[in-house]
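Pasting my_file-v8.cif here (mmCIF, C-alpha atoms):
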data_run
loop_
_atom_site.group_PDB
_atom_site.id
_atom_site.type_symbol
_atom_site.label_atom_id
_atom_site.label_comp_id
_atom_site.auth_asym_id
_atom_site.auth_seq_id
_atom_site.Cartn_x
_atom_site.Cartn_y
_atom_site.Cartn_z
ATOM 1 C CA MET A 1135 -24.834 -15.671 -2.892
ATOM 2 C CA PHE A 1136 -21.909 -13.508 -1.811
ATOM 3 C CA PRO A 1137 -18.227 -14.366 -2.274
ATOM 4 C CA VAL A 1138 -15.985 -14.965 0.724
ATOM 5 C CA SER A 1139 -14.607 -11.601 1.820
ATOM 6 C CA LYS A 1140 -10.947 -10.677 2.089
ATOM 7 C CA GLU A 1141 -11.371 -10.306 5.855
ATOM 8 C CA GLU A 1142 -12.908 -13.793 6.178
ATOM 9 C CA LYS A 1143 -9.991 -15.319 4.264
ATOM 10 C CA GLU A 1144 -7.404 -13.469 6.349
ATOM 11 C CA LEU A 1145 -9.102 -14.709 9.513
ATOM 12 C CA ALA A 1146 -9.277 -18.305 8.251
ATOM 13 C CA TYR A 1147 -5.649 -18.383 7.055
ATOM 14 C CA LYS A 1148 -4.451 -16.384 10.075
ATOM 15 C CA GLN A 1149 -2.301 -14.230 7.816
ATOM 16 C CA LYS A 1150 -2.421 -11.587 5.132
ATOM 17 C CA GLY A 1151 -0.899 -12.160 1.729
ATOM 18 C CA ILE A 1152 2.350 -10.268 1.266
ATOM 19 C CA SER A 1153 5.142 -10.335 -1.273
ATOM 20 C CA ILE A 1154 8.840 -9.769 -0.664
ATOM 21 C CA TRP A 1155 10.996 -9.298 -3.761
ATOM 22 C CA PHE A 1156 14.730 -9.905 -3.357
ATOM 23 C CA THR A 1157 16.790 -7.953 -5.875
ATOM 24 C CA GLY A 1158 20.505 -7.756 -6.436
ATOM 25 C CA LEU A 1159 23.390 -8.953 -8.511
ATOM 26 C CA SER A 1160 23.932 -12.598 -9.367
ATOM 27 C CA GLY A 1161 25.702 -14.354 -6.504
ATOM 28 C CA SER A 1162 24.790 -11.688 -3.937
ATOM 29 C CA GLY A 1163 22.951 -14.093 -1.614
ATOM 30 C CA LYS A 1164 19.326 -13.535 -2.603
ATOM 31 C CA SER A 1165 18.504 -17.251 -2.722
ATOM 32 C CA THR A 1166 20.227 -17.952 0.579
ATOM 33 C CA LEU A 1167 18.371 -15.147 2.358
ATOM 34 C CA ALA A 1168 15.018 -16.069 0.814
ATOM 35 C CA LYS A 1169 15.367 -19.733 1.760
ATOM 36 C CA LEU A 1170 16.352 -18.867 5.330
ATOM 37 C CA LEU A 1171 13.401 -16.488 5.653
ATOM 38 C CA GLU A 1172 11.012 -19.034 4.159
ATOM 39 C CA LYS A 1173 12.203 -21.667 6.640
ATOM 40 C CA LYS A 1174 11.724 -19.286 9.575
ATOM 41 C CA LEU A 1175 8.253 -18.196 8.416
ATOM 42 C CA PHE A 1176 7.239 -21.838 7.885
ATOM 43 C CA GLU A 1177 8.463 -22.747 11.376
ATOM 44 C CA MET A 1178 6.273 -19.906 12.692
ATOM 45 C CA GLY A 1179 3.246 -21.529 11.041
ATOM 46 C CA HIS A 1180 2.957 -19.342 7.951
ATOM 47 C CA GLN A 1181 2.067 -20.665 4.512
ATOM 48 C CA THR A 1182 4.766 -19.570 2.070
ATOM 49 C CA VAL A 1183 5.653 -19.743 -1.618
ATOM 50 C CA LEU A 1184 9.165 -19.267 -2.982
ATOM 51 C CA LEU A 1185 9.258 -18.046 -6.596
ATOM 52 C CA ASP A 1186 12.789 -18.540 -7.859
ATOM 53 C CA GLY A 1187 13.748 -16.581 -10.964
ATOM 54 C CA ASP A 1188 15.892 -19.441 -12.286
ATOM 55 C CA ASN A 1189 12.967 -21.869 -12.054
ATOM 56 C CA THR A 1190 10.549 -19.473 -13.723
ATOM 57 C CA ARG A 1191 13.038 -19.004 -16.554
ATOM 58 C CA LEU A 1192 13.185 -22.790 -17.051
ATOM 59 C CA HIS A 1193 9.413 -23.289 -17.112
ATOM 60 C CA LEU A 1194 7.057 -20.312 -17.269
ATOM 61 C CA ASN A 1195 9.408 -18.102 -19.265
ATOM 62 C CA GLN A 1196 11.418 -20.616 -21.262
ATOM 63 C CA ASP A 1197 10.489 -18.830 -24.490
ATOM 64 C CA LEU A 1198 12.164 -15.589 -23.370
ATOM 65 C CA GLY A 1199 15.702 -14.401 -23.817
ATOM 66 C CA PHE A 1200 17.526 -11.562 -22.115
ATOM 67 C CA SER A 1201 16.723 -8.640 -24.400
ATOM 68 C CA LEU A 1202 15.257 -5.604 -22.682
ATOM 69 C CA GLU A 1203 11.807 -6.483 -24.045
ATOM 70 C CA ASP A 1204 12.077 -10.108 -22.860
ATOM 71 C CA ARG A 1205 13.241 -9.041 -19.395
ATOM 72 C CA PHE A 1206 10.209 -6.760 -19.065
ATOM 73 C CA GLU A 1207 7.951 -9.640 -20.159
ATOM 74 C CA ASN A 1208 9.665 -11.959 -17.662
ATOM 75 C CA ILE A 1209 8.888 -9.527 -14.838
ATOM 76 C CA ARG A 1210 5.325 -9.010 -16.094
ATOM 77 C CA ARG A 1211 4.611 -12.761 -16.069
ATOM 78 C CA ILE A 1212 6.155 -13.309 -12.655
ATOM 79 C CA SER A 1213 4.139 -10.357 -11.360
ATOM 80 C CA GLU A 1214 0.945 -12.042 -12.581
ATOM 81 C CA VAL A 1215 1.850 -15.299 -10.810
ATOM 82 C CA ASN A 1216 2.692 -13.252 -7.734
ATOM 83 C CA LYS A 1217 -0.698 -11.502 -7.843
ATOM 84 C CA LEU A 1218 -2.594 -14.794 -8.191
ATOM 85 C CA THR A 1219 -0.667 -16.309 -5.304
ATOM 86 C CA LEU A 1220 -1.258 -13.256 -3.105
ATOM 87 C CA ASN A 1221 -4.975 -13.779 -3.623
ATOM 88 C CA MET A 1222 -4.524 -17.149 -1.900
ATOM 89 C CA TYR A 1223 -3.166 -15.247 1.153
ATOM 90 C CA ARG A 1224 0.272 -16.771 1.031
ATOM 91 C CA LEU A 1225 3.558 -15.109 1.928
ATOM 92 C CA ILE A 1226 5.544 -14.914 -1.296
ATOM 93 C CA LEU A 1227 9.311 -14.674 -1.460
ATOM 94 C CA LYS A 1228 10.476 -13.763 -4.968
ATOM 95 C CA LEU A 1229 14.078 -13.922 -6.127
#

Translate the structure of the given file into structure tokens.
Amino acid sequence: MFPVSKEEKELAYKQKGISIWFTGLSGSGKSTLAKLLEKKLFEMGHQTVLLDGDNTRLHLNQDLGFSLEDRFENIRRISEVNKLTLNMYRLILKL
């Protein structure tokens, strides 16, 4: 028995999985832009996921602080979630 191919999934979902990371200073409008883009993509029929850094800090990464080592671990964990979600062929917007 063979697994479902990447091409078969892309055809079934009618989209490829992509990730868009919004970076910038606090208060620079990342959340506003990401939410507007997610709304537009959803209205176009795309399946989306919004990974908000504040939410991941409250749940997935609640054990981390803001030391350089903890910030690297925060990014590493979010990257893993991002990778798993991409494999579901969703459009991911990451703040």

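Of the listed residues A:Ile1209, A:Leu1198, A:Leu1167, A:Met1222, the one whose atoms come nearest to A:Thr1182 is A:Met1222, with distances taken using all atoms listed in the file.
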
| For atom CA of A:Arg1205 and atom CA of A:Arg1191, the interatomic separation in Å (one decimal) |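 Those two atoms sit 10.4 Å apart.
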
| field | Two-atom distance - atom CA of A:Asp1204, atom CA of A:Lys1164 (Å) | value | 21.8 Å

| said: Using all atoms listed in the file, which protein or nucleic acid residues come within 12 Å of A:Gln1149? Drop anything in the same chain fewer than 4 positions from it, and give the result as number ranges by chain. | reply: A: 1140-1145, 1175, 1178-1182, 1220-1225

| query | Which is closest to A:Asp1188 among A:Ile1152, A:Ala1146, A:Val1138, A:Ile1212, if we use only C-alpha atoms? | reply |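 Answer, going by the shortest atom-to-atom distance: A:Ile1212.
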
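Going from atom CA of A:Leu1170 to atom CA of A:Arg1210 covers 26.0 Å.
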
| said: Using all atoms listed in the file for the distances, tell me which of A:Leu1202, A:Val1183, A:Met1135, A:Leu1192 is nearest to A:Ser1153. | reply: A:Val1183

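Distances to A:Lys1169 were evaluated for A:Phe1156, A:Ser1139, A:Leu1194, A:Asn1189 using all atoms listed in the file, and the minimum falls at A:Phe1156.
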